[in-house]
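Structure data follow from my_file.cif (mmCIF, C-alpha atoms (C1' of nucleotides)):
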data_run
loop_
_atom_site.label_atom_id
_atom_site.label_comp_id
_atom_site.auth_asym_id
_atom_site.auth_seq_id
_atom_site.Cartn_x
_atom_site.Cartn_y
_atom_site.Cartn_z
CA MET A 778 -11.24 66.33 35.51
CA GLN A 779 -9.24 64.31 33.09
CA THR A 780 -9.74 60.67 32.16
CA VAL A 781 -6.56 58.82 31.64
CA PRO A 782 -7.01 55.99 29.12
CA GLY A 783 -6.09 52.73 30.81
CA PRO A 784 -4.34 49.87 29.11
CA PRO A 785 -6.50 47.96 26.62
CA PRO A 786 -8.40 45.14 28.30
CA LEU A 787 -6.87 41.71 28.04
CA PRO A 788 -8.68 39.25 25.82
CA SER A 789 -10.64 36.47 27.46
CA ARG A 790 -8.95 33.12 27.78
CA ALA A 791 -9.58 30.92 24.74
CA SER A 792 -11.93 28.05 25.50
CA ALA A 793 -10.78 26.01 22.51
CA PRO A 794 -6.98 26.36 22.32
CA ILE A 795 -6.00 22.89 21.07
CA CYS A 796 -5.40 22.78 17.34
CA CYS A 797 -5.24 19.81 15.01
CA LEU A 798 -3.65 20.74 11.73
CA ASP A 799 -3.54 18.34 8.88
CA LEU A 800 -2.38 18.56 5.34
CA ASP A 801 -5.00 18.05 2.65
CA THR A 802 -4.33 15.06 0.39
CA PHE A 803 -0.70 15.42 1.45
CA PHE A 804 1.07 12.99 -0.91
CA VAL A 805 -0.99 14.22 -3.85
CA SER A 806 -0.21 17.83 -3.00
CA VAL A 807 3.52 17.13 -2.91
CA GLU A 808 3.37 15.29 -6.23
CA ARG A 809 1.60 18.32 -7.67
CA ILE A 810 4.33 20.66 -6.53
CA LEU A 811 6.90 18.42 -8.19
CA ASP A 812 4.79 18.12 -11.34
CA PRO A 813 2.44 21.09 -11.74
CA SER A 814 0.75 19.48 -14.73
CA LEU A 815 -1.08 17.30 -12.17
CA VAL A 816 -2.91 20.29 -10.69
CA GLY A 817 -6.62 20.01 -11.32
CA LYS A 818 -6.34 16.45 -12.59
CA PRO A 819 -7.69 13.39 -10.79
CA VAL A 820 -4.69 11.83 -9.01
CA VAL A 821 -4.28 8.62 -7.03
CA VAL A 822 -1.10 7.84 -5.09
CA GLY A 823 -0.61 4.19 -4.18
CA ALA A 824 0.22 1.14 -6.22
CA ALA A 825 0.25 0.97 -10.01
CA PRO A 826 -2.98 -0.30 -11.59
CA GLY A 827 -2.82 -4.06 -11.87
CA GLN A 828 -0.57 -4.40 -8.83
CA ARG A 829 -1.47 -5.48 -5.35
CA GLY A 830 -1.96 -2.47 -3.17
CA VAL A 831 -4.25 0.23 -1.89
CA VAL A 832 -4.85 3.93 -2.31
CA THR A 833 -2.63 5.88 0.08
CA ALA A 834 -3.83 9.31 -1.00
CA CYS A 835 -6.20 10.67 -3.60
CA SER A 836 -7.28 14.07 -4.87
CA TYR A 837 -10.71 15.58 -4.37
CA GLU A 838 -11.49 15.10 -8.08
CA VAL A 839 -11.17 11.37 -7.51
CA ARG A 840 -13.03 11.38 -4.21
CA ALA A 841 -16.00 12.81 -6.04
CA LEU A 842 -16.08 9.52 -7.94
CA GLY A 843 -16.13 7.50 -4.73
CA VAL A 844 -12.44 6.67 -4.36
CA ARG A 845 -11.19 6.62 -0.78
CA SER A 846 -7.80 6.07 0.79
CA GLY A 847 -7.33 2.50 1.95
CA MET A 848 -9.33 1.19 -0.97
CA ALA A 849 -7.87 -1.54 -3.17
CA ILE A 850 -6.29 -0.07 -6.30
CA ARG A 851 -8.37 -2.51 -8.32
CA ASP A 852 -11.56 -0.95 -7.02
CA ALA A 853 -10.24 2.57 -7.51
CA VAL A 854 -9.50 1.82 -11.16
CA LYS A 855 -13.08 0.72 -11.66
CA LEU A 856 -14.37 4.01 -10.25
CA ALA A 857 -11.74 6.27 -11.79
CA PRO A 858 -10.23 4.62 -14.85
CA ASP A 859 -8.94 7.91 -16.25
CA ALA A 860 -7.13 9.13 -13.13
CA VAL A 861 -3.35 9.50 -13.00
CA TYR A 862 -1.92 6.68 -10.86
CA LEU A 863 1.38 7.37 -9.12
CA PRO A 864 3.49 5.06 -6.96
CA THR A 865 3.95 6.07 -3.32
CA ARG A 866 7.46 7.51 -3.20
CA HIS A 867 8.37 6.81 0.40
CA GLY A 868 11.06 9.13 1.54
CA ILE A 869 10.30 12.17 -0.59
CA TYR A 870 7.44 13.47 1.56
CA GLY A 871 9.27 13.76 4.88
CA PRO A 872 11.20 16.94 4.04
CA TRP A 873 7.96 18.69 3.06
CA ALA A 874 6.39 17.78 6.37
CA ARG A 875 9.42 19.18 8.15
CA ARG A 876 9.06 22.47 6.30
CA VAL A 877 5.45 22.63 7.43
CA ARG A 878 6.50 21.98 10.99
CA ALA A 879 8.93 24.88 10.82
CA VAL A 880 6.06 27.19 9.85
CA LEU A 881 3.95 25.86 12.72
CA GLU A 882 6.76 26.52 15.17
CA ARG A 883 6.82 30.15 14.09
CA HIS A 884 3.18 30.43 15.15
CA CYS A 885 2.88 28.26 18.24
CA PRO A 886 5.21 27.36 21.11
CA VAL A 887 3.96 23.77 21.53
CA VAL A 888 3.90 21.61 18.40
CA ARG A 889 3.56 17.82 18.41
CA THR A 890 3.92 15.65 15.33
CA ALA A 891 1.22 12.99 15.27
CA SER A 892 1.98 11.55 11.83
CA ILE A 893 3.56 12.65 8.60
CA ASP A 894 0.61 14.87 7.72
CA GLU A 895 -0.92 15.71 11.08
CA PHE A 896 0.13 17.95 13.96
CA PHE A 897 -1.28 19.04 17.29
CA LEU A 898 -0.63 22.52 18.65
CA ASP A 899 -1.36 23.95 22.07
CA PHE A 900 -2.22 27.66 22.01
CA ARG A 901 -3.04 27.93 25.70
CA GLY A 902 -1.84 31.24 27.02
CA CYS A 903 -1.18 32.65 23.57
CA GLU A 904 -4.25 34.88 23.47
CA ARG A 905 -2.48 37.71 25.27
CA LEU A 906 0.68 37.44 23.23
CA TYR A 907 -1.16 37.57 19.94
CA ALA A 908 -4.14 39.83 20.66
CA ARG A 909 -4.42 43.14 18.85
CA PRO A 910 -5.59 46.04 20.99
CA GLU A 911 -9.15 45.83 19.71
CA GLU A 912 -9.45 42.05 20.13
CA GLN A 913 -11.13 40.88 23.33
CA ASP A 914 -12.33 37.39 22.49
CA GLY A 915 -9.52 34.91 23.10
CA ASP A 916 -11.11 32.28 20.89
CA ALA A 917 -11.33 34.75 18.03
CA VAL A 918 -7.66 35.64 18.49
CA ILE A 919 -6.62 32.02 18.17
CA VAL A 920 -8.80 31.49 15.11
CA ARG A 921 -7.21 34.48 13.42
CA VAL A 922 -3.70 33.22 14.20
CA VAL A 923 -4.53 29.75 12.91
CA ARG A 924 -5.94 31.23 9.71
CA GLU A 925 -2.73 33.18 9.24
CA MET A 926 -0.71 30.07 9.94
CA ARG A 927 -2.71 28.04 7.43
CA GLU A 928 -2.14 30.71 4.80
CA ALA A 929 1.57 30.83 5.59
CA ILE A 930 1.82 27.08 4.95
CA GLN A 931 0.16 27.60 1.59
CA ALA A 932 2.30 30.61 0.70
CA ASP A 933 5.68 29.45 2.00
CA VAL A 934 5.55 25.70 1.39
CA GLY A 935 2.83 25.49 -1.24
CA LEU A 936 0.71 22.94 0.62
CA PRO A 937 -3.00 23.20 1.45
CA ALA A 938 -3.93 22.44 5.05
CA SER A 939 -6.96 22.41 7.31
CA ALA A 940 -7.23 23.12 11.00
CA GLY A 941 -9.66 22.31 13.78
CA LEU A 942 -9.78 23.96 17.18
CA GLY A 943 -11.27 22.56 20.34
CA ALA A 944 -10.70 22.12 24.05
CA THR A 945 -9.48 18.55 23.59
CA ARG A 946 -7.56 16.71 20.93
CA ALA A 947 -10.55 14.59 19.99
CA VAL A 948 -12.68 17.66 19.36
CA ALA A 949 -9.88 19.45 17.51
CA LYS A 950 -9.40 16.43 15.30
CA MET A 951 -13.06 16.07 14.45
CA ALA A 952 -13.21 19.81 13.77
CA SER A 953 -10.30 19.57 11.36
CA GLY A 954 -12.19 16.88 9.47
CA ARG A 955 -15.07 19.31 9.16
CA ALA A 956 -12.70 22.08 8.03
CA LYS A 957 -11.49 20.26 4.93
CA PRO A 958 -10.57 21.35 2.40
CA ALA A 959 -8.38 24.33 3.27
CA GLY A 960 -10.54 25.68 6.10
CA VAL A 961 -10.50 26.41 9.82
CA VAL A 962 -13.26 25.30 12.20
CA GLN A 963 -13.47 26.05 15.90
CA VAL A 964 -15.72 24.25 18.36
CA ARG A 965 -15.94 26.32 21.51
CA ARG A 966 -16.27 24.89 24.96
CA GLY A 967 -19.87 24.01 25.60
CA GLU A 968 -20.62 23.47 21.93
CA GLU A 969 -19.01 20.03 21.71
CA ARG A 970 -22.09 17.89 22.15
CA ALA A 971 -24.11 19.91 19.68
CA PHE A 972 -21.24 19.62 17.23
CA ALA A 973 -20.83 15.87 17.69
CA ALA A 974 -24.41 14.73 18.18
CA ALA A 975 -25.26 14.03 14.56
CA LEU A 976 -21.85 12.63 13.57
CA PRO A 977 -21.54 8.89 12.88
CA VAL A 978 -19.70 7.11 15.72
CA ARG A 979 -16.89 6.23 13.30
CA LYS A 980 -15.85 9.90 13.24
CA TYR A 981 -14.67 9.69 16.82
CA PRO A 982 -10.90 9.01 16.91
CA GLY A 983 -10.38 5.54 18.33
CA ILE A 984 -13.64 4.10 17.07
CA GLY A 985 -12.69 1.93 14.12
CA PRO A 986 -14.48 -0.65 12.00
CA LYS A 987 -14.83 -3.23 14.78
CA ALA A 988 -16.24 -0.89 17.40
CA GLU A 989 -18.52 0.66 14.81
CA GLU A 990 -19.95 -2.74 13.99
CA ARG A 991 -20.60 -3.55 17.63
CA LEU A 992 -22.29 -0.20 18.11
CA THR A 993 -24.44 -0.71 15.04
CA ARG A 994 -25.56 -4.05 16.43
CA ALA A 995 -26.46 -2.26 19.67
CA GLY A 996 -28.58 0.19 17.70
CA VAL A 997 -26.18 3.11 18.10
CA ALA A 998 -25.34 5.08 14.95
CA THR A 999 -24.39 8.59 16.05
CA LEU A 1000 -22.25 10.06 18.81
CA GLY A 1001 -25.38 11.65 20.26
CA GLU A 1002 -27.01 8.24 20.56
CA LEU A 1003 -23.85 6.85 22.11
CA LEU A 1004 -23.71 9.64 24.72
CA ALA A 1005 -27.32 8.88 25.61
CA ARG A 1006 -26.17 5.42 26.72
CA ARG A 1007 -24.00 6.73 29.53
CA GLY A 1008 -24.53 4.64 32.57
CA SER A 1009 -25.35 1.56 30.57
CA PRO A 1010 -23.72 -1.55 31.98
CA GLY A 1011 -20.64 -3.03 30.37
CA TRP A 1012 -18.91 -2.19 27.18
CA LEU A 1013 -21.49 0.26 25.87
CA GLY A 1014 -21.44 2.40 29.00
CA GLU A 1015 -17.65 2.45 28.96
CA ALA A 1016 -17.58 3.58 25.34
CA ALA A 1017 -20.09 6.34 26.12
CA ALA A 1018 -18.03 7.51 29.08
CA MET A 1019 -14.86 7.51 26.99
CA VAL A 1020 -16.46 9.69 24.33
CA ALA A 1021 -17.96 12.05 26.91
CA HIS A 1022 -14.53 12.49 28.45
CA GLY A 1023 -12.98 13.14 25.06
CA LEU A 1024 -15.60 15.75 24.26
CA ASP A 1025 -15.92 17.76 27.45
CA GLY A 1026 -13.24 16.40 29.72
CA PRO A 1027 -10.45 18.55 31.10
CA VAL A 1028 -8.10 20.28 28.66
CA PRO A 1029 -5.23 17.84 28.22
CA ASP A 1030 -1.56 18.65 28.37
CA LEU A 1031 -0.14 17.59 25.04
CA GLY A 1032 3.17 16.73 26.66
CA ASP A 1033 1.57 14.35 29.14
CA ASP A 1034 -0.54 12.38 26.77
CA ARG A 1035 1.63 10.07 24.78
CA THR A 1036 -0.93 8.37 22.64
CA ALA A 1037 -0.72 9.47 19.04
CA PHE A 1038 2.56 11.26 19.62
CA HIS A 1039 5.04 8.59 18.72
CA GLU A 1040 7.62 10.93 17.36
CA LEU A 1041 8.97 12.79 20.33
CA ASP A 1042 10.73 12.38 23.63
CA THR A 1043 12.24 9.04 22.76
CA ALA A 1044 15.81 10.05 23.49
CA GLY A 1045 17.56 7.77 25.93
CA ASP A 1046 15.56 4.66 26.63
CA ALA A 1047 14.12 4.63 23.11
CA GLU A 1048 11.27 2.11 23.16
CA GLY A 1049 9.09 2.03 20.08
CA SER A 1050 9.64 -0.38 17.21
CA LEU A 1051 10.97 -0.64 13.69
CA SER A 1052 9.57 -2.92 11.06
CA ASN A 1053 9.67 -3.69 7.39
CA GLU A 1054 7.23 -5.86 5.53
CA ARG A 1055 6.58 -6.79 1.94
CA THR A 1056 3.68 -8.27 0.05
CA PHE A 1057 4.73 -10.53 -2.81
CA PHE A 1058 3.50 -9.73 -6.28
CA ALA A 1059 2.30 -13.31 -6.36
CA ASP A 1060 1.99 -15.68 -3.40
CA VAL A 1061 5.06 -17.81 -2.71
CA ALA A 1062 5.08 -21.37 -1.44
CA ARG A 1063 8.76 -22.25 -1.73
CA ARG A 1064 10.76 -22.03 1.43
CA ASP A 1065 13.93 -20.84 -0.30
CA GLN A 1066 12.08 -17.93 -1.87
CA VAL A 1067 10.57 -17.02 1.46
CA GLU A 1068 13.99 -17.08 3.07
CA ALA A 1069 15.50 -14.93 0.36
CA ALA A 1070 12.82 -12.30 0.85
CA LEU A 1071 13.15 -12.48 4.62
CA LEU A 1072 16.90 -11.97 4.46
CA ALA A 1073 16.37 -8.81 2.44
CA LEU A 1074 13.93 -7.55 5.07
CA VAL A 1075 16.31 -8.35 7.91
CA GLU A 1076 19.06 -6.52 6.11
CA ARG A 1077 16.91 -3.44 5.63
CA VAL A 1078 15.50 -3.24 9.13
CA ALA A 1079 18.92 -3.86 10.68
CA TRP A 1080 20.33 -1.03 8.63
CA ARG A 1081 17.57 1.28 9.82
CA ALA A 1082 18.29 0.34 13.43
CA ARG A 1083 21.98 1.12 13.02
CA SER A 1084 21.17 4.39 11.26
CA ARG A 1085 19.06 5.37 14.23
CA GLY A 1086 21.58 4.13 16.74
CA VAL A 1087 19.22 1.67 18.42
CA ARG A 1088 19.36 -2.03 19.18
CA ALA A 1089 16.46 -4.44 19.48
CA ARG A 1090 15.75 -6.71 22.42
CA THR A 1091 12.86 -8.43 20.65
CA VAL A 1092 12.74 -9.72 17.09
CA ALA A 1093 9.48 -10.71 15.46
CA LEU A 1094 8.50 -12.49 12.28
CA LYS A 1095 5.18 -11.88 10.58
CA LEU A 1096 3.64 -14.23 8.06
CA ARG A 1097 0.47 -13.60 6.16
CA TYR A 1098 -0.86 -16.47 4.12
CA ALA A 1099 -2.72 -16.33 0.84
CA ASP A 1100 -6.02 -16.58 2.74
CA PHE A 1101 -5.03 -13.54 4.81
CA ASP A 1102 -4.55 -15.62 7.91
CA THR A 1103 -1.78 -13.83 9.78
CA LEU A 1104 0.57 -15.03 12.47
CA THR A 1105 3.48 -13.57 14.40
CA ARG A 1106 6.32 -15.23 16.26
CA GLN A 1107 8.71 -13.30 18.42
CA HIS A 1108 11.79 -13.91 20.45
CA ALA A 1109 13.70 -11.93 23.07
CA VAL A 1110 17.40 -11.44 22.28
CA PRO A 1111 20.33 -9.63 23.84
CA ALA A 1112 20.18 -6.08 22.45
CA THR A 1113 21.49 -6.16 18.91
CA HIS A 1114 21.38 -4.55 15.51
CA ASP A 1115 23.71 -7.00 13.86
CA GLU A 1116 22.18 -8.63 10.83
CA ARG A 1117 23.84 -12.02 11.34
CA THR A 1118 22.39 -12.24 14.82
CA LEU A 1119 19.01 -11.01 13.68
CA TRP A 1120 18.96 -13.35 10.70
CA ALA A 1121 19.71 -16.34 12.93
CA ALA A 1122 16.83 -15.38 15.18
CA VAL A 1123 14.44 -14.81 12.31
CA ARG A 1124 15.29 -18.14 10.74
CA GLU A 1125 14.50 -19.92 13.98
CA LEU A 1126 11.19 -18.10 14.14
CA LEU A 1127 10.48 -19.19 10.59
CA ASP A 1128 11.16 -22.82 11.54
CA LYS A 1129 8.64 -22.45 14.31
CA ALA A 1130 6.01 -20.83 12.11
CA TRP A 1131 6.50 -22.59 8.81
CA ARG A 1132 3.49 -24.45 7.52
CA ARG A 1133 4.05 -26.30 4.32
CA PRO A 1134 0.78 -26.36 2.41
CA LYS A 1135 -0.05 -22.67 2.61
CA ALA A 1136 1.35 -20.11 0.18
CA VAL A 1137 2.70 -16.92 1.72
CA ARG A 1138 1.40 -13.52 0.74
CA LEU A 1139 3.34 -11.18 3.04
CA LEU A 1140 6.46 -11.31 5.16
CA GLY A 1141 7.51 -8.90 7.86
CA VAL A 1142 10.33 -8.43 10.32
CA GLN A 1143 9.88 -6.25 13.36
CA LEU A 1144 12.41 -5.01 15.90
CA SER A 1145 10.94 -3.85 19.18
CA ARG A 1146 11.83 -3.00 22.76
CA LEU A 1147 14.48 -0.80 21.23
CA VAL A 1148 17.26 0.62 23.32
CA ALA A 1149 19.63 3.41 22.54
CA PRO A 1150 23.00 2.17 23.72
CA GLY A 1151 23.72 3.77 27.06
CA PRO A 1152 27.28 4.60 28.10
CA GLN A 1153 27.80 1.13 29.47
CA LEU A 1154 27.02 -0.49 26.14
CA SER A 1155 29.19 1.82 24.12
CA LEU A 1156 32.28 0.43 25.82
CA PRO A 1157 34.09 -1.45 23.10
CA LEU A 1158 32.77 -4.92 23.67
CA PRO A 1159 35.19 -7.20 21.91
CA GLU A 1160 33.51 -8.56 18.81
CA ALA A 1161 34.95 -11.60 17.14
CA ARG A 1162 34.94 -9.91 13.75
CA PRO A 1163 33.95 -6.43 12.75
CA ALA A 1164 30.27 -6.55 11.87
CA PRO A 1165 29.74 -6.52 8.11
CA GLY A 1166 27.10 -3.91 8.78
CA ALA A 1167 29.60 -1.15 9.46
CA ALA A 1168 31.25 -1.32 6.05
CA LEU A 1169 27.91 -1.53 4.26
CA ASP A 1170 26.55 1.39 6.23
CA ALA A 1171 29.44 3.59 5.21
CA VAL A 1172 28.76 2.94 1.54
CA ARG A 1173 25.05 3.43 1.98
CA ALA A 1174 25.50 6.67 3.84
CA ARG A 1175 27.05 8.03 0.65
CA PHE A 1176 25.25 6.20 -2.13
CA GLY A 1177 21.91 5.14 -0.69
CA TYR A 1178 20.50 1.91 0.65
CA ASP A 1179 20.36 0.01 -2.61
CA ALA A 1180 24.00 0.66 -3.49
CA VAL A 1181 25.00 -2.53 -1.65
CA ARG A 1182 23.26 -5.81 -0.98
CA LEU A 1183 24.49 -8.82 0.91
CA GLY A 1184 25.85 -11.46 -1.42
CA THR A 1185 23.10 -13.89 -0.58
CA VAL A 1186 20.40 -11.37 -1.28
CA ALA A 1187 21.89 -10.31 -4.59
CA ARG A 1188 22.43 -13.88 -5.72
CA ARG A 1189 18.96 -14.99 -4.81
CA ARG A 1190 17.46 -12.02 -6.52
CA GLU A 1191 19.13 -12.93 -9.76
CA ALA A 1192 17.73 -16.43 -9.62
"C1'" DT B 773 -6.31 -10.32 -9.38
"C1'" DC B 774 -10.05 -7.89 -3.09
"C1'" DT B 775 -7.43 -6.31 1.14
"C1'" DG B 776 0.02 -1.69 1.60
"C1'" DG B 777 3.29 -0.43 4.93
"C1'" DG B 778 4.62 2.04 8.80
"C1'" DG B 779 3.50 2.57 13.42
"C1'" DT B 780 1.03 2.68 18.62
"C1'" DC B 781 -1.43 0.70 22.46
"C1'" DC B 782 -3.91 -2.95 24.94
"C1'" DT B 783 -5.07 -7.62 26.69
"C1'" DA B 784 -4.29 -12.10 28.39
"C1'" DG B 785 -1.99 -16.29 29.77
"C1'" DG B 786 2.06 -18.63 31.41
"C1'" DA B 787 6.73 -18.72 33.46
"C1'" DC B 788 9.37 -17.43 37.10
"C1'" DC B 789 10.80 -15.15 41.38
"C1'" DC B 790 10.03 -13.71 46.09
"C1'" DT C 747 0.48 -32.40 52.09
"C1'" DC C 748 -1.60 -28.38 50.45
"C1'" DT C 749 -1.81 -23.86 48.78
"C1'" DG C 750 -0.99 -18.09 49.09
"C1'" DG C 751 -0.45 -13.62 46.39
"C1'" DG C 752 2.24 -9.89 43.88
"C1'" DG C 753 5.39 -8.34 40.34
"C1'" DT C 754 7.70 -8.73 36.04
"C1'" DC C 755 8.97 -10.67 31.74
"C1'" DC C 756 7.78 -13.11 27.56
"C1'" DT C 757 4.74 -14.29 23.83
"C1'" DA C 758 0.54 -13.97 20.59
"C1'" DG C 759 -3.00 -11.54 18.85
"C1'" DG C 760 -5.98 -7.66 17.82
"C1'" DA C 761 -7.81 -2.79 17.27
"C1'" DC C 762 -6.70 1.41 15.51
"C1'" DC C 763 -4.34 5.40 12.97
"C1'" DC C 764 -2.41 7.68 8.78
#

Final structure tokens representation of the file:
Amino acid sequence: MQTVPGPPPLPSRASAPICCLDLDTFFVSVERILDPSLVGKPVVVGAAPGQRGVVTACSYEVRALGVRSGMAIRDAVKLAPDAVYLPTRHGIYGPWARRVRAVLERHCPVVRTASIDEFFLDFRGCERLYARPEEQDGDAVIVRVVREMREAIQADVGLPASAGLGATRAVAKMASGRAKPAGVVQVRRGEERAFAAALPVRKYPGIGPKAEERLTRAGVATLGELLARRGSPGWLGEAAAMVAHGLDGPVPDLGDDRTAFHELDTAGDAEGSLSNERTFFADVARRDQVEAALLALVERVAWRARSRGVRARTVALKLRYADFDTLTRQHAVPATHDERTLWAAVRELLDKAWRRPKAVRLLGVQLSRLVAPGPQLSLPLPEARPAPGAALDAVRARFGYDAVRLGTVARRREA
DNA sequence: TCTGGGGTCCTAGGACCC
DNA sequence: TCTGGGGTCCTAGGACCC
């Protein structure tokens, strides 16, 4: 009798197929590629020392001294006076993130961009595609693939990354935090509570400073203690249920769950918002100076809207006073991206919000309820004059945003 | 000279319409 | 003369994330 070898057995289905991949100290890593002399040195990306601002990214050498992102630059300088301080160069990091995304797409069919340095991937069903004949554990297959992917990002793009794997996004995200730097951690189904029990509540995505404080007052410090409060009445019980669901709830479909995925699927009816804001180097009390700065913000945000081909149906003004008191005023408008229209609206909002005795620290302009012009709007509505925006945009498309400023902005800036 | 800048989502009250 | 709900839009503020 002869035994015919059957086909190799299929691997088991992975229990933890959702991956959170994030880039380690992303802005610092990019700056190090552009200037290799920074490798190994303590580096802080943010504002220049002496300026108003916070740490947007910092290297592990600096973290060892206690520096954290979000910290005031002032405080960082006290902890790490000898670090290299670099300004955040908005705009240069995007292309690097896109190169990373291209690598991810070679390894996984479902990739979602959560932020400039963070991605979620869904490996469900990939075990069989990727398994080698001798591999029978689906979870192990996915871990191997993610390791290879992480190494490919390092080799092809030059950026260090970490990855977490879990059955839900919350677990994957917490696992990626544990994987840093440059590691891969998987939390299999059934292991979630053991993994989370000792973690501070703040580690759970969605629990921020305010919720943490409330929980502390309720005597809850860890996720394990929070889970033990399931069934409690009111807010505490709801928070416990939310965390339980995030830990062992059903495996989510990344496409269905829009939270944290602001980037995609916005074709057509757009939505979302666009804003620009600026903190003054020194607080400003004079109305004319406030208006000059506001006009510059309107100009910039309007240009971004036109570049994206969207119009706003709501315009908002944001004012932050020297004492950090912050207010917003908004107004619904017929869909527009014309800076004269937007400026008129913003000035009315300023009239409504203006309070004389308080100096202003920050100004912001936000466009929201965005719409991409449908076919009906693209009919050539007769405009009284061609919008000045069009001519400016053409110049900027070739020479960059700062190549042209509105006369008023330029003049006021000289003053 | 504490506390950036870009976003998302949620809540809650009032206006207005049916 | 007194008193409904439900739905939607608008506005203001706040929590959270990177």

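For chain C, the residues having at least one atom no farther than 9 Å from chain A, when counting all atoms listed in the file, are DC756, DT757, DA758, DG759, DA761, DC762, DC763 and DC764 of chain C.
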
Next item on the list: Please provide as an NGL selection string all residues within 7 Å of Ala908 in chain A, with the sequence filter that same-chain residues fewer than 4 positions apart are discarded (counting only C-alpha atoms (C1' of nucleotides)).
Entry: :A and (788 or 904 or 912 or 918)

Saved selection, atoms kept: C-alpha atoms, as a compact mmCIF listing (two decimals), keeping the file's coordinate frame:
# COMPACT_ATOMS: atom_id res chain seq x y z
CA PRO A 788 -8.68 39.25 25.82
CA GLU A 904 -4.25 34.88 23.47
CA GLU A 912 -9.45 42.05 20.13
CA VAL A 918 -7.66 35.64 18.49

Note to self: Which residues are close to DC774 in chain B, i.e. within 10 Å by all atoms listed in the file, leaving aside same-chain residues fewer than 4 positions away? Reply as a PyMOL selection string.
What the structure shows: chain A and resi 829-830+848-852

Can you write out the residues you just picked, keeping C-alpha atoms, as a PDB file, keeping the file's coordinate frame?
ATOM      1  CA  ARG A 829      -1.470  -5.480  -5.350  1.00  0.00           C
ATOM      2  CA  GLY A 830      -1.960  -2.470  -3.170  1.00  0.00           C
ATOM      3  CA  MET A 848      -9.330   1.190  -0.970  1.00  0.00           C
ATOM      4  CA  ALA A 849      -7.870  -1.540  -3.170  1.00  0.00           C
ATOM      5  CA  ILE A 850      -6.290  -0.070  -6.300  1.00  0.00           C
ATOM      6  CA  ARG A 851      -8.370  -2.510  -8.320  1.00  0.00           C
ATOM      7  CA  ASP A 852     -11.560  -0.950  -7.020  1.00  0.00           C
TER       8      ASP A 852
END

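Taking CA of Leu798 in chain A as the reference point, C1' of DG760 in chain C is found at 29.1 Å.
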
Item checked: Contacts of range 954-964 of chain A at 9 Å (all atoms listed in the file; same-chain gap of 4+ positions) as JSON, numbers by chain -> {"A": [792, 793, 796, 799, 800, 801, 837, 916, 920, 923, 924, 927, 937, 938, 939, 940, 941, 942, 943, 944, 948, 949, 950, 968, 969, 972, 980]}

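Taking CA of Leu1119 in chain A and CA of Leu1096 in chain A as endpoints, the distance between them is 16.7 Å.
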
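Distances here use all atoms listed in the file; by that measure, the residue among A:Arg979, A:Arg1083, A:Arg1077, A:Arg889 closest to Pro1150 in chain A is A:Arg1083.
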
Next item on the list: Output the residue selection produced by the PyMOL selection byres ((chain A and resi 1113) around 10) on the file above, formatted as a PyMOL selection string.
Entry: chain A and resi 1079+1082-1083+1087-1092+1110-1112+1114-1119+1144+1147-1148+1150

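In this model, the gap between CA of Lys818 in chain A and CA of Glu925 in chain A comes to 27.7 Å.
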
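Distances here use only C-alpha atoms; by that measure, the residue among A:Tyr907, A:Phe804, A:Tyr1098, A:Phe897 closest to Leu863 in chain A is A:Phe804.
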
Next item on the list: Return as a list of chain:residue names the set of residues that the PyMOL selection byres ((chain A and resi 786) around 12) yields on the displayed structure.
Entry: A:Pro782, A:Gly783, A:Pro784, A:Pro785, A:Leu787, A:Pro788, A:Ser789, A:Arg905, A:Ala908, A:Arg909, A:Pro910, A:Glu911, A:Glu912, A:Gln913, A:Asp914, A:Gly915

Padding of 4 Å on every side, edges along x, y and z, all listed atoms of range 774-786 of chain B included: what centre and edge lengths in Å, to one decimal, does that box have, as AutoDock Vina command-line options?
--center_x -2.7 --center_y -8.0 --center_z 14.2 --size_x 22.7 --size_y 29.3 --size_z 42.5

Answer key for the PyMOL selection byres ((chain A and resi 816) around 12), residues as a short mmCIF file (atom, residue, chain, number, x, y, z; two decimals) with C-alpha atoms, in the coordinates of the input:
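Result file is result_3.cif:
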data_model
loop_
_atom_site.label_atom_id
_atom_site.label_comp_id
_atom_site.auth_asym_id
_atom_site.auth_seq_id
_atom_site.Cartn_x
_atom_site.Cartn_y
_atom_site.Cartn_z
CA VAL A 805 -0.99 14.22 -3.85
CA SER A 806 -0.21 17.83 -3.00
CA VAL A 807 3.52 17.13 -2.91
CA GLU A 808 3.37 15.29 -6.23
CA ARG A 809 1.60 18.32 -7.67
CA ILE A 810 4.33 20.66 -6.53
CA LEU A 811 6.90 18.42 -8.19
CA ASP A 812 4.79 18.12 -11.34
CA PRO A 813 2.44 21.09 -11.74
CA SER A 814 0.75 19.48 -14.73
CA LEU A 815 -1.08 17.30 -12.17
CA GLY A 817 -6.62 20.01 -11.32
CA LYS A 818 -6.34 16.45 -12.59
CA PRO A 819 -7.69 13.39 -10.79
CA VAL A 820 -4.69 11.83 -9.01
CA SER A 836 -7.28 14.07 -4.87
CA TYR A 837 -10.71 15.58 -4.37
CA GLU A 838 -11.49 15.10 -8.08
CA VAL A 861 -3.35 9.50 -13.00
#
